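Peer 1: Sharing a structure here in structure tokens format.
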Amino acid sequence: MPSAPHGRRLDAVPGPFTPRTPRVVAARRLQRRRDREATGRFLAEGPQAVREALARAGTVVELFGTPAALDRYADLAALAARADVPVSELTDEALAALAETVAPQGLVAVCRHLDVPLDAALARGPRLVAVLAEIRDPGNAGTVLRTADAAGAGAVVFAGDAVDPYNGKCVRASAGSLFHVDVVRATEPVAVVAALRAAGLTVLATTGYGDSDLDDLADAGRLAAPTAWLFGSEAHGLPEELTAAADARVRVPLHGRAESLNLAAAAAVCLYASARALRRPTGPRGHTAGESAG
């Protein structure tokens with residue numbers, strides 16, 4: 001296999017790939033959910049996503065890039081080469097066919113699905129879990145995933161008829177966090193709640209009409225235990241069977257005149273309230289400040 005001057009492994013096909021090159025055509029199909037499901041692969045676009053994907057061993061199948069981008073991000077091309085990942089040069093037109101952004105940054109990686117079974121994720125003992133129940137907006141889902149990662153969550157569960165976590169917009173909105181946490185997909189949200197509770201987590205449902213105030217729960221120390229937060233779609237909220245199954249129905253207090261918070265903002269407030277409580281010097285079960293919540 002030939003190598004470029006910077007030591008990256010290059011495909012044996014001469015010249016940069018074009019939009020009609022079979023490997024580019026096959027990768028472009030991954031923009032469709034049915035092809036992602038059929039192949040167990042998805043696209044990660046841009047240097048940040050590519051860097052995080054390469055850091056997770058065995059995730060990246062192939063790296064595509066324009067010659068200019070592969071020179072600019074030579075460190076990523078070198079990481080791929082050391083992992084024996086093929087690096088394929090693209091024309092600008094081929095990159096435009098693969099990328100889903102208006103101003104792509106020149107790199108696209110083909111990655112393997114990252115799904116973890118729910119029981120395997122819970123066996124790791126996460127102290128903070130986010131459940132995205134029936135959330136269909138990929139931007140919101142990716143942003144909540146990113147926030148959950150930042151707050152120290154060990155797992156993010158896409159439950160019921162939720163958006164595909166490997167949707168391009170969701171992957172981009174996660175800003176690399178997709179590669180940091182256990183990503184679980186589960187078809188039965190109520191069964192997810194039962195499994196979370198059986199694993200020792202308190203299950204809290206977010207709703208604007210909750211009978212528990214987030215500040216009151218925090219002040220009473222009720223967030224200082226392993227917790228799973230249920231988040232529903234911005235348009236419809238959580239299904240009634242999920243709010244009924246939770247240990248408490250929690251509302252975020254509104255101190256000003258705003259009617260409500262959007263999903264991503266409400267999730268950030270709730271997850272960080274738990275993260276703070278879980279990191280207090282005298283937390284539950286002997287945990288001390290600075291311990292990971294995931």
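If you're wondering about the labels, chains in the structure tokens are A, B, ... by order shown, residues count from 1 in each chain, ligands from 1 in order shown.
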Tell me, which residues of segment 80-214 of chain A carry DSSP helix (DSSP H, G or I), written as a PyMOL selection string?
Peer 2: chain A and resi 80-82+92-98+118-123+138-150+168-174+177-179+189-198+214
Peer 1: Quick one: everything within 12 Å of Ala26 of chain A, counting only C-alpha atoms, minus sequence neighbours fewer than 3 positions away in the same chain. Send it as JSON, numbers by chain.
Peer 2: {"A": [19, 20, 21, 22, 23, 29, 30, 31, 32, 35, 36, 39, 41, 42, 43, 62, 94, 97, 98, 110]}
Peer 1: Please, what distance in Å, to one decimal, runs between atom CA of Ala83 of chain A and atom CA of Val157 of chain A?
Peer 2: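 A separation of 29.1 Å between them.
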Peer 1: Report as a PDB file with N, CA and C atoms, in the first residue's frame all protein, DNA and RNA residues lying within 12 Å of Ala133 of chain A, evaluated on only C-alpha atoms, omitting residues in the same chain fewer than 5 positions from it.
Peer 2:
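Contents of result.pdb, freshly written:
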ATOM      1  N   ALA A 141     -31.125  16.014  20.218  1.00  0.00           N
ATOM      2  CA  ALA A 141     -30.586  14.770  20.764  1.00  0.00           C
ATOM      3  C   ALA A 141     -29.063  14.831  20.883  1.00  0.00           C
ATOM      4  N   VAL A 144     -28.073  17.174  23.780  1.00  0.00           N
ATOM      5  CA  VAL A 144     -28.263  16.548  25.092  1.00  0.00           C
ATOM      6  C   VAL A 144     -27.180  15.500  25.335  1.00  0.00           C
ATOM      7  N   VAL A 156     -26.012   7.142  27.648  1.00  0.00           N
ATOM      8  CA  VAL A 156     -27.145   7.878  27.083  1.00  0.00           C
ATOM      9  C   VAL A 156     -27.996   6.856  26.334  1.00  0.00           C
ATOM     10  N   VAL A 157     -29.263   6.789  26.719  1.00  0.00           N
ATOM     11  CA  VAL A 157     -30.172   5.796  26.152  1.00  0.00           C
ATOM     12  C   VAL A 157     -31.131   6.478  25.182  1.00  0.00           C
ATOM     13  N   PHE A 158     -31.169   6.003  23.944  1.00  0.00           N
ATOM     14  CA  PHE A 158     -32.141   6.453  22.954  1.00  0.00           C
ATOM     15  C   PHE A 158     -33.286   5.450  23.005  1.00  0.00           C
ATOM     16  N   ALA A 159     -34.417   5.860  23.579  1.00  0.00           N
ATOM     17  CA  ALA A 159     -35.486   4.914  23.894  1.00  0.00           C
ATOM     18  C   ALA A 159     -36.721   5.137  23.032  1.00  0.00           C
ATOM     19  N   GLY A 160     -37.374   4.038  22.682  1.00  0.00           N
ATOM     20  CA  GLY A 160     -38.600   4.119  21.898  1.00  0.00           C
ATOM     21  C   GLY A 160     -38.320   4.584  20.488  1.00  0.00           C
ATOM     22  N   ASP A 161     -39.223   5.373  19.938  1.00  0.00           N
ATOM     23  CA  ASP A 161     -39.097   5.867  18.569  1.00  0.00           C
ATOM     24  C   ASP A 161     -38.258   7.140  18.555  1.00  0.00           C
ATOM     25  N   ALA A 162     -37.036   7.016  19.039  1.00  0.00           N
ATOM     26  CA  ALA A 162     -36.130   8.169  19.110  1.00  0.00           C
ATOM     27  C   ALA A 162     -35.336   8.282  17.816  1.00  0.00           C
ATOM     28  N   VAL A 163     -34.722   9.433  17.622  1.00  0.00           N
ATOM     29  CA  VAL A 163     -33.888   9.662  16.461  1.00  0.00           C
ATOM     30  C   VAL A 163     -32.721   8.678  16.453  1.00  0.00           C
ATOM     31  N   ASP A 164     -32.231   8.375  15.281  1.00  0.00           N
ATOM     32  CA  ASP A 164     -31.040   7.552  15.136  1.00  0.00           C
ATOM     33  C   ASP A 164     -29.835   8.342  15.656  1.00  0.00           C
ATOM     34  N   VAL A 184     -26.832   3.587  24.060  1.00  0.00           N
ATOM     35  CA  VAL A 184     -27.759   2.460  24.130  1.00  0.00           C
ATOM     36  C   VAL A 184     -28.990   2.790  23.289  1.00  0.00           C
ATOM     37  N   ARG A 185     -29.455   1.821  22.519  1.00  0.00           N
ATOM     38  CA  ARG A 185     -30.732   1.973  21.822  1.00  0.00           C
ATOM     39  C   ARG A 185     -31.687   0.895  22.331  1.00  0.00           C
ATOM     40  N   ALA A 186     -32.858   1.325  22.775  1.00  0.00           N
ATOM     41  CA  ALA A 186     -33.830   0.394  23.357  1.00  0.00           C
ATOM     42  C   ALA A 186     -35.215   0.722  22.824  1.00  0.00           C
ATOM     43  N   THR A 187     -35.960  -0.293  22.472  1.00  0.00           N
ATOM     44  CA  THR A 187     -37.262  -0.072  21.843  1.00  0.00           C
ATOM     45  C   THR A 187     -38.385   0.143  22.845  1.00  0.00           C
ATOM     46  N   GLU A 188     -38.226  -0.317  24.092  1.00  0.00           N
ATOM     47  CA  GLU A 188     -39.304  -0.248  25.074  1.00  0.00           C
ATOM     48  C   GLU A 188     -38.913   0.672  26.229  1.00  0.00           C
ATOM     49  N   PRO A 189     -39.346   1.928  26.207  1.00  0.00           N
ATOM     50  CA  PRO A 189     -38.947   2.871  27.261  1.00  0.00           C
ATOM     51  C   PRO A 189     -39.345   2.438  28.669  1.00  0.00           C
ATOM     52  N   VAL A 190     -40.516   1.843  28.838  1.00  0.00           N
ATOM     53  CA  VAL A 190     -40.940   1.428  30.180  1.00  0.00           C
ATOM     54  C   VAL A 190     -40.023   0.328  30.707  1.00  0.00           C
ATOM     55  N   ALA A 191     -39.594  -0.576  29.832  1.00  0.00           N
ATOM     56  CA  ALA A 191     -38.649  -1.613  30.240  1.00  0.00           C
ATOM     57  C   ALA A 191     -37.301  -0.999  30.621  1.00  0.00           C
ATOM     58  N   VAL A 192     -36.922   0.089  29.953  1.00  0.00           N
ATOM     59  CA  VAL A 192     -35.691   0.795  30.304  1.00  0.00           C
ATOM     60  C   VAL A 192     -35.787   1.329  31.731  1.00  0.00           C
ATOM     61  N   VAL A 193     -36.916   1.940  32.072  1.00  0.00           N
ATOM     62  CA  VAL A 193     -37.111   2.469  33.424  1.00  0.00           C
ATOM     63  C   VAL A 193     -36.990   1.349  34.454  1.00  0.00           C
ATOM     64  N   ALA A 205     -38.318  11.969  36.035  1.00  0.00           N
ATOM     65  CA  ALA A 205     -38.917  12.383  34.771  1.00  0.00           C
ATOM     66  C   ALA A 205     -39.044  13.901  34.743  1.00  0.00           C
ATOM     67  N   THR A 206     -38.602  14.522  33.669  1.00  0.00           N
ATOM     68  CA  THR A 206     -38.711  15.973  33.543  1.00  0.00           C
ATOM     69  C   THR A 206     -40.040  16.336  32.886  1.00  0.00           C
ATOM     70  N   TRP A 229     -32.126  10.434  34.359  1.00  0.00           N
ATOM     71  CA  TRP A 229     -33.069  11.481  33.975  1.00  0.00           C
ATOM     72  C   TRP A 229     -33.776  11.072  32.692  1.00  0.00           C
ATOM     73  N   LEU A 230     -35.093  11.229  32.677  1.00  0.00           N
ATOM     74  CA  LEU A 230     -35.886  10.975  31.480  1.00  0.00           C
ATOM     75  C   LEU A 230     -36.232  12.299  30.811  1.00  0.00           C
ATOM     76  N   PHE A 231     -35.873  12.434  29.551  1.00  0.00           N
ATOM     77  CA  PHE A 231     -36.179  13.633  28.780  1.00  0.00           C
ATOM     78  C   PHE A 231     -37.063  13.252  27.596  1.00  0.00           C
ATOM     79  N   GLY A 232     -38.134  14.027  27.385  1.00  0.00           N
ATOM     80  CA  GLY A 232     -39.032  13.776  26.272  1.00  0.00           C
ATOM     81  C   GLY A 232     -38.863  14.811  25.177  1.00  0.00           C
ATOM     82  N   SER A 233     -39.601  14.651  24.100  1.00  0.00           N
ATOM     83  CA  SER A 233     -39.484  15.568  22.971  1.00  0.00           C
ATOM     84  C   SER A 233     -39.960  16.957  23.361  1.00  0.00           C
ATOM     85  N   GLU A 234     -39.392  17.952  22.692  1.00  0.00           N
ATOM     86  CA  GLU A 234     -39.748  19.330  22.993  1.00  0.00           C
ATOM     87  C   GLU A 234     -41.206  19.608  22.651  1.00  0.00           C
ATOM     88  N   HIS A 236     -43.827  17.267  22.459  1.00  0.00           N
ATOM     89  CA  HIS A 236     -44.851  16.451  23.116  1.00  0.00           C
ATOM     90  C   HIS A 236     -44.517  16.052  24.549  1.00  0.00           C
ATOM     91  N   GLY A 237     -43.302  16.277  24.982  1.00  0.00           N
ATOM     92  CA  GLY A 237     -42.926  15.875  26.327  1.00  0.00           C
ATOM     93  C   GLY A 237     -42.817  14.365  26.455  1.00  0.00           C
ATOM     94  N   LEU A 238     -42.812  13.893  27.685  1.00  0.00           N
ATOM     95  CA  LEU A 238     -42.702  12.458  27.935  1.00  0.00           C
ATOM     96  C   LEU A 238     -44.057  11.774  27.825  1.00  0.00           C
ATOM     97  N   PRO A 239     -44.088  10.540  27.329  1.00  0.00           N
ATOM     98  CA  PRO A 239     -45.334   9.773  27.348  1.00  0.00           C
ATOM     99  C   PRO A 239     -45.808   9.580  28.788  1.00  0.00           C
ATOM    100  N   GLU A 240     -47.110   9.536  28.989  1.00  0.00           N
ATOM    101  CA  GLU A 240     -47.666   9.436  30.335  1.00  0.00           C
ATOM    102  C   GLU A 240     -47.195   8.191  31.072  1.00  0.00           C
ATOM    103  N   GLU A 241     -47.030   7.091  30.337  1.00  0.00           N
ATOM    104  CA  GLU A 241     -46.614   5.870  31.023  1.00  0.00           C
ATOM    105  C   GLU A 241     -45.214   5.991  31.599  1.00  0.00           C
ATOM    106  N   LEU A 242     -44.384   6.848  31.006  1.00  0.00           N
ATOM    107  CA  LEU A 242     -43.041   7.041  31.538  1.00  0.00           C
ATOM    108  C   LEU A 242     -43.049   7.944  32.760  1.00  0.00           C
ATOM    109  N   THR A 243     -43.803   9.037  32.694  1.00  0.00           N
ATOM    110  CA  THR A 243     -43.872   9.902  33.880  1.00  0.00           C
ATOM    111  C   THR A 243     -44.463   9.141  35.057  1.00  0.00           C
ATOM    112  N   LEU A 263     -35.580  21.969  25.303  1.00  0.00           N
ATOM    113  CA  LEU A 263     -35.134  20.667  25.793  1.00  0.00           C
ATOM    114  C   LEU A 263     -33.669  20.679  26.202  1.00  0.00           C
TER     115      LEU A 263
END
Peer 1: Skip Thr91 of chain A itself and residues of its chain fewer than 2 positions away, then list as an mmCIF file with N, CA, C and O atoms, in the first residue's frame all residues within 12 Å of it, counting only C-alpha atoms.
Peer 2:
data_model
loop_
_atom_site.group_PDB
_atom_site.id
_atom_site.type_symbol
_atom_site.label_atom_id
_atom_site.label_comp_id
_atom_site.auth_asym_id
_atom_site.auth_seq_id
_atom_site.Cartn_x
_atom_site.Cartn_y
_atom_site.Cartn_z
ATOM 1 N N GLY A 15 -4.744 8.661 -7.950
ATOM 2 C CA GLY A 15 -5.458 9.925 -7.989
ATOM 3 C C GLY A 15 -6.531 10.029 -6.925
ATOM 4 O O GLY A 15 -6.979 9.022 -6.371
ATOM 5 N N PRO A 16 -6.957 11.245 -6.612
ATOM 6 C CA PRO A 16 -8.033 11.415 -5.623
ATOM 7 C C PRO A 16 -9.331 10.769 -6.078
ATOM 8 O O PRO A 16 -9.639 10.738 -7.269
ATOM 9 N N PHE A 17 -10.111 10.266 -5.131
ATOM 10 C CA PHE A 17 -11.419 9.689 -5.429
ATOM 11 C C PHE A 17 -12.369 10.781 -5.903
ATOM 12 O O PHE A 17 -12.307 11.923 -5.441
ATOM 13 N N THR A 18 -13.270 10.418 -6.788
ATOM 14 C CA THR A 18 -14.286 11.331 -7.312
ATOM 15 C C THR A 18 -15.655 10.913 -6.756
ATOM 16 O O THR A 18 -15.786 9.857 -6.122
ATOM 17 N N PRO A 19 -16.703 11.702 -7.002
ATOM 18 C CA PRO A 19 -18.031 11.305 -6.532
ATOM 19 C C PRO A 19 -18.499 9.964 -7.079
ATOM 20 O O PRO A 19 -19.383 9.335 -6.485
ATOM 21 N N ARG A 20 -17.912 9.511 -8.200
ATOM 22 C CA ARG A 20 -18.347 8.253 -8.794
ATOM 23 C C ARG A 20 -17.496 7.059 -8.370
ATOM 24 O O ARG A 20 -17.807 5.925 -8.751
ATOM 25 N N THR A 21 -16.448 7.288 -7.611
ATOM 26 C CA THR A 21 -15.638 6.172 -7.122
ATOM 27 C C THR A 21 -16.505 5.279 -6.236
ATOM 28 O O THR A 21 -17.206 5.786 -5.352
ATOM 29 N N VAL A 24 -16.667 5.939 -2.508
ATOM 30 C CA VAL A 24 -17.352 7.184 -2.173
ATOM 31 C C VAL A 24 -18.858 6.996 -2.293
ATOM 32 O O VAL A 24 -19.626 7.452 -1.427
ATOM 33 N N PHE A 64 -11.599 9.583 4.799
ATOM 34 C CA PHE A 64 -11.561 10.308 3.539
ATOM 35 C C PHE A 64 -11.138 11.744 3.816
ATOM 36 O O PHE A 64 -11.553 12.338 4.829
ATOM 37 N N GLY A 65 -10.373 12.322 2.892
ATOM 38 C CA GLY A 65 -10.012 13.726 3.050
ATOM 39 C C GLY A 65 -9.490 14.314 1.760
ATOM 40 O O GLY A 65 -8.926 13.606 0.912
ATOM 41 N N THR A 66 -9.671 15.607 1.605
ATOM 42 C CA THR A 66 -9.044 16.289 0.479
ATOM 43 C C THR A 66 -7.547 16.375 0.741
ATOM 44 O O THR A 66 -7.111 16.323 1.902
ATOM 45 N N PRO A 67 -6.729 16.498 -0.305
ATOM 46 C CA PRO A 67 -5.281 16.626 -0.076
ATOM 47 C C PRO A 67 -4.942 17.775 0.868
ATOM 48 O O PRO A 67 -4.075 17.628 1.738
ATOM 49 N N ALA A 68 -5.640 18.905 0.736
ATOM 50 C CA ALA A 68 -5.356 20.047 1.611
ATOM 51 C C ALA A 68 -5.682 19.719 3.063
ATOM 52 O O ALA A 68 -4.912 20.057 3.978
ATOM 53 N N ALA A 69 -6.802 19.051 3.295
ATOM 54 C CA ALA A 69 -7.189 18.712 4.672
ATOM 55 C C ALA A 69 -6.254 17.668 5.264
ATOM 56 O O ALA A 69 -5.896 17.739 6.452
ATOM 57 N N LEU A 70 -5.842 16.691 4.469
ATOM 58 C CA LEU A 70 -4.932 15.671 4.981
ATOM 59 C C LEU A 70 -3.570 16.261 5.308
ATOM 60 O O LEU A 70 -2.869 15.760 6.200
ATOM 61 N N SER A 88 -8.047 7.796 2.276
ATOM 62 C CA SER A 88 -8.340 7.962 0.849
ATOM 63 C C SER A 88 -8.493 9.433 0.500
ATOM 64 O O SER A 88 -9.280 10.148 1.119
ATOM 65 N N GLU A 89 -7.723 9.874 -0.488
ATOM 66 C CA GLU A 89 -7.811 11.256 -0.928
ATOM 67 C C GLU A 89 -9.041 11.455 -1.802
ATOM 68 O O GLU A 89 -9.384 10.601 -2.626
ATOM 69 N N GLU A 93 -15.182 17.874 -5.011
ATOM 70 C CA GLU A 93 -16.539 17.479 -5.392
ATOM 71 C C GLU A 93 -16.974 16.219 -4.645
ATOM 72 O O GLU A 93 -18.127 16.089 -4.218
ATOM 73 N N ALA A 94 -16.056 15.277 -4.483
ATOM 74 C CA ALA A 94 -16.381 14.058 -3.744
ATOM 75 C C ALA A 94 -16.617 14.366 -2.271
ATOM 76 O O ALA A 94 -17.516 13.800 -1.644
ATOM 77 N N LEU A 95 -15.824 15.275 -1.715
ATOM 78 C CA LEU A 95 -16.050 15.666 -0.320
ATOM 79 C C LEU A 95 -17.424 16.305 -0.170
ATOM 80 O O LEU A 95 -18.157 16.006 0.790
ATOM 81 N N ALA A 96 -17.792 17.171 -1.103
ATOM 82 C CA ALA A 96 -19.100 17.821 -1.035
ATOM 83 C C ALA A 96 -20.223 16.795 -1.091
ATOM 84 O O ALA A 96 -21.272 16.983 -0.471
ATOM 85 N N ALA A 97 -20.015 15.692 -1.794
ATOM 86 C CA ALA A 97 -21.035 14.645 -1.866
ATOM 87 C C ALA A 97 -21.175 13.913 -0.538
ATOM 88 O O ALA A 97 -22.272 13.503 -0.157
ATOM 89 N N LEU A 98 -20.077 13.765 0.193
ATOM 90 C CA LEU A 98 -20.108 13.052 1.472
ATOM 91 C C LEU A 98 -20.527 13.944 2.630
ATOM 92 O O LEU A 98 -21.206 13.492 3.556
ATOM 93 N N GLY A 106 -13.164 19.181 5.270
ATOM 94 C CA GLY A 106 -12.243 18.371 4.483
ATOM 95 C C GLY A 106 -12.037 16.947 4.913
ATOM 96 O O GLY A 106 -11.355 16.189 4.211
ATOM 97 N N LEU A 107 -12.595 16.517 6.055
ATOM 98 C CA LEU A 107 -12.395 15.151 6.539
ATOM 99 C C LEU A 107 -13.740 14.487 6.825
ATOM 100 O O LEU A 107 -14.630 15.101 7.413
#
Peer 1: Would you mind writing down, as a PyMOL selection string, each residue of segment 45-256 of chain A that DSSP on the backbone assigns to strand (DSSP E or B)?
Peer 2: chain A and resi 45+60-65+87-90+107-112+115+128-133+155-159+182-186+202-206+212-213+227-231+233+237+248-251
Peer 1: Please identify all polymer residues within 10 Å of Arg127 of chain A, counting only C-alpha atoms, omitting same-chain residues fewer than 6 positions from it, and present them as a PDB file with all heavy atoms, in the first residue's frame.
Peer 2:
ATOM      1  N   GLY A 152     -20.724  14.206  33.032  1.00  0.00           N
ATOM      2  CA  GLY A 152     -20.168  12.987  33.601  1.00  0.00           C
ATOM      3  C   GLY A 152     -21.052  11.776  33.503  1.00  0.00           C
ATOM      4  O   GLY A 152     -20.811  10.781  34.197  1.00  0.00           O
ATOM      5  N   ALA A 153     -22.081  11.811  32.667  1.00  0.00           N
ATOM      6  CA  ALA A 153     -22.946  10.641  32.522  1.00  0.00           C
ATOM      7  C   ALA A 153     -22.162   9.480  31.916  1.00  0.00           C
ATOM      8  O   ALA A 153     -21.297   9.675  31.060  1.00  0.00           O
ATOM      9  CB  ALA A 153     -24.154  10.973  31.650  1.00  0.00           C
ATOM     10  N   GLY A 154     -22.513   8.279  32.356  1.00  0.00           N
ATOM     11  CA  GLY A 154     -21.842   7.104  31.826  1.00  0.00           C
ATOM     12  C   GLY A 154     -22.549   6.512  30.629  1.00  0.00           C
ATOM     13  O   GLY A 154     -21.953   5.771  29.853  1.00  0.00           O
ATOM     14  N   ALA A 155     -23.843   6.819  30.474  1.00  0.00           N
ATOM     15  CA  ALA A 155     -24.604   6.241  29.373  1.00  0.00           C
ATOM     16  C   ALA A 155     -25.695   7.199  28.933  1.00  0.00           C
ATOM     17  O   ALA A 155     -26.235   7.964  29.744  1.00  0.00           O
ATOM     18  CB  ALA A 155     -25.219   4.901  29.788  1.00  0.00           C
ATOM     19  N   GLY A 200     -30.399   0.132  40.588  1.00  0.00           N
ATOM     20  CA  GLY A 200     -30.167   0.998  41.743  1.00  0.00           C
ATOM     21  C   GLY A 200     -30.192   2.477  41.468  1.00  0.00           C
ATOM     22  O   GLY A 200     -29.810   3.272  42.335  1.00  0.00           O
ATOM     23  N   LEU A 201     -30.671   2.879  40.303  1.00  0.00           N
ATOM     24  CA  LEU A 201     -30.740   4.305  39.997  1.00  0.00           C
ATOM     25  C   LEU A 201     -32.122   4.855  40.330  1.00  0.00           C
ATOM     26  O   LEU A 201     -33.142   4.193  40.107  1.00  0.00           O
ATOM     27  CB  LEU A 201     -30.442   4.572  38.519  1.00  0.00           C
ATOM     28  CG  LEU A 201     -28.982   4.385  38.091  1.00  0.00           C
ATOM     29  CD1 LEU A 201     -28.774   3.016  37.467  1.00  0.00           C
ATOM     30  CD2 LEU A 201     -28.549   5.470  37.118  1.00  0.00           C
ATOM     31  N   THR A 202     -32.151   6.064  40.856  1.00  0.00           N
ATOM     32  CA  THR A 202     -33.396   6.795  41.012  1.00  0.00           C
ATOM     33  C   THR A 202     -33.777   7.362  39.654  1.00  0.00           C
ATOM     34  O   THR A 202     -32.944   7.957  38.965  1.00  0.00           O
ATOM     35  CB  THR A 202     -33.232   7.946  42.015  1.00  0.00           C
ATOM     36  OG1 THR A 202     -32.870   7.404  43.290  1.00  0.00           O
ATOM     37  CG2 THR A 202     -34.513   8.745  42.147  1.00  0.00           C
ATOM     38  N   ALA A 224     -28.245  13.321  45.342  1.00  0.00           N
ATOM     39  CA  ALA A 224     -26.929  12.789  45.683  1.00  0.00           C
ATOM     40  C   ALA A 224     -26.894  11.270  45.643  1.00  0.00           C
ATOM     41  O   ALA A 224     -26.140  10.631  46.380  1.00  0.00           O
ATOM     42  CB  ALA A 224     -26.514  13.293  47.059  1.00  0.00           C
ATOM     43  N   ALA A 225     -27.690  10.668  44.813  1.00  0.00           N
ATOM     44  CA  ALA A 225     -27.703   9.224  44.626  1.00  0.00           C
ATOM     45  C   ALA A 225     -27.640   8.957  43.128  1.00  0.00           C
ATOM     46  O   ALA A 225     -27.974   9.833  42.326  1.00  0.00           O
ATOM     47  CB  ALA A 225     -28.978   8.625  45.226  1.00  0.00           C
ATOM     48  N   PRO A 226     -27.205   7.781  42.727  1.00  0.00           N
ATOM     49  CA  PRO A 226     -27.187   7.473  41.287  1.00  0.00           C
ATOM     50  C   PRO A 226     -28.549   7.733  40.663  1.00  0.00           C
ATOM     51  O   PRO A 226     -29.581   7.285  41.164  1.00  0.00           O
ATOM     52  CB  PRO A 226     -26.829   5.982  41.267  1.00  0.00           C
ATOM     53  CG  PRO A 226     -26.026   5.780  42.508  1.00  0.00           C
ATOM     54  CD  PRO A 226     -26.666   6.673  43.538  1.00  0.00           C
ATOM     55  N   THR A 227     -28.547   8.485  39.569  1.00  0.00           N
ATOM     56  CA  THR A 227     -29.795   9.001  39.001  1.00  0.00           C
ATOM     57  C   THR A 227     -29.847   8.827  37.494  1.00  0.00           C
ATOM     58  O   THR A 227     -28.847   8.991  36.794  1.00  0.00           O
ATOM     59  CB  THR A 227     -29.936  10.506  39.342  1.00  0.00           C
ATOM     60  OG1 THR A 227     -29.989  10.662  40.764  1.00  0.00           O
ATOM     61  CG2 THR A 227     -31.193  11.096  38.727  1.00  0.00           C
ATOM     62  N   ALA A 228     -31.037   8.506  37.023  1.00  0.00           N
ATOM     63  CA  ALA A 228     -31.311   8.507  35.580  1.00  0.00           C
ATOM     64  C   ALA A 228     -32.374   9.555  35.311  1.00  0.00           C
ATOM     65  O   ALA A 228     -33.418   9.575  35.971  1.00  0.00           O
ATOM     66  CB  ALA A 228     -31.783   7.133  35.117  1.00  0.00           C
ATOM     67  N   SER A 274     -27.511  17.227  39.113  1.00  0.00           N
ATOM     68  CA  SER A 274     -27.093  15.909  39.586  1.00  0.00           C
ATOM     69  C   SER A 274     -25.578  15.811  39.680  1.00  0.00           C
ATOM     70  O   SER A 274     -25.041  15.262  40.653  1.00  0.00           O
ATOM     71  CB  SER A 274     -27.613  14.822  38.650  1.00  0.00           C
ATOM     72  OG  SER A 274     -28.978  14.570  38.866  1.00  0.00           O
ATOM     73  N   ALA A 275     -24.881  16.321  38.675  1.00  0.00           N
ATOM     74  CA  ALA A 275     -23.421  16.237  38.685  1.00  0.00           C
ATOM     75  C   ALA A 275     -22.843  16.933  39.914  1.00  0.00           C
ATOM     76  O   ALA A 275     -21.916  16.425  40.561  1.00  0.00           O
ATOM     77  CB  ALA A 275     -22.857  16.858  37.407  1.00  0.00           C
ATOM     78  N   LEU A 278     -23.557  14.810  43.037  1.00  0.00           N
ATOM     79  CA  LEU A 278     -22.776  13.584  43.072  1.00  0.00           C
ATOM     80  C   LEU A 278     -21.312  13.825  43.392  1.00  0.00           C
ATOM     81  O   LEU A 278     -20.590  12.881  43.730  1.00  0.00           O
ATOM     82  CB  LEU A 278     -22.899  12.861  41.727  1.00  0.00           C
ATOM     83  CG  LEU A 278     -24.260  12.217  41.444  1.00  0.00           C
ATOM     84  CD1 LEU A 278     -24.377  11.853  39.974  1.00  0.00           C
ATOM     85  CD2 LEU A 278     -24.454  10.981  42.315  1.00  0.00           C
ATOM     86  N   SER A 292     -15.821  10.243  39.254  1.00  0.00           N
ATOM     87  CA  SER A 292     -16.572  10.301  38.008  1.00  0.00           C
ATOM     88  C   SER A 292     -17.995   9.878  38.246  1.00  0.00           C
ATOM     89  O   SER A 292     -18.292   9.000  39.047  1.00  0.00           O
ATOM     90  CB  SER A 292     -15.933   9.388  36.958  1.00  0.00           C
ATOM     91  OG  SER A 292     -16.764   9.273  35.836  1.00  0.00           O
ATOM     92  N   ALA A 293     -18.901  10.536  37.520  1.00  0.00           N
ATOM     93  CA  ALA A 293     -20.310  10.147  37.591  1.00  0.00           C
ATOM     94  C   ALA A 293     -20.645   9.071  36.599  1.00  0.00           C
ATOM     95  O   ALA A 293     -21.768   8.655  36.493  1.00  0.00           O
ATOM     96  CB  ALA A 293     -21.197  11.362  37.347  1.00  0.00           C
ATOM     97  N   GLY A 294     -19.707   8.644  35.798  1.00  0.00           N
ATOM     98  CA  GLY A 294     -20.002   7.648  34.786  1.00  0.00           C
ATOM     99  C   GLY A 294     -19.236   6.370  35.011  1.00  0.00           C
ATOM    100  O   GLY A 294     -18.335   6.253  35.774  1.00  0.00           O
TER     101      GLY A 294
END
Peer 1: List the spatial neighbours of segment 165-182 of chain A as a list of chain:residue names - criterion: any atom at most 6 Å away, only C-alpha atoms, same-chain residues fewer than 4 positions off excluded.
Peer 2: A:Ala49, A:Glu52, A:Pro138, A:Gly139, A:Gly142, A:Thr143, A:Leu145, A:Arg146, A:Gly154, A:Ala155
Peer 1: By how many Å are atom CA of Leu63 of chain A and atom CA of Pro86 of chain A apart?
Peer 2: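 Between atom CA of Leu63 of chain A and atom CA of Pro86 of chain A the gap is 6.2 Å.
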Peer 1: Could you pull the residues within 7 Å of Leu114 of chain A, counting only C-alpha atoms, minus those fewer than 2 positions along the same chain, as a PyMOL selection string?
Peer 2: chain A and resi 112+116+183
Peer 1: Next, the residues of the selection above should be written as a short mmCIF file (atom, residue, chain, number, x, y, z; two decimals), in the first residue's frame with N, CA, C and O atoms.
Peer 2:
data_model
loop_
_atom_site.label_atom_id
_atom_site.label_comp_id
_atom_site.auth_asym_id
_atom_site.auth_seq_id
_atom_site.Cartn_x
_atom_site.Cartn_y
_atom_site.Cartn_z
N ARG A 112 -17.80 2.45 12.66
CA ARG A 112 -18.69 1.37 13.07
C ARG A 112 -19.67 1.87 14.13
O ARG A 112 -19.33 2.74 14.94
N VAL A 116 -24.17 -0.19 22.73
CA VAL A 116 -23.88 -1.03 23.89
C VAL A 116 -25.23 -1.52 24.42
O VAL A 116 -26.15 -0.72 24.60
N VAL A 183 -23.54 4.37 24.32
CA VAL A 183 -24.75 4.71 23.58
C VAL A 183 -25.63 3.47 23.51
O VAL A 183 -25.21 2.42 23.01
#
Peer 1: Just checking: using only C-alpha atoms, which residue out of A:Ala148, A:Leu214, A:Ala235, A:Leu223 ends up closest to Arg251 of chain A?
Peer 2: A:Leu214
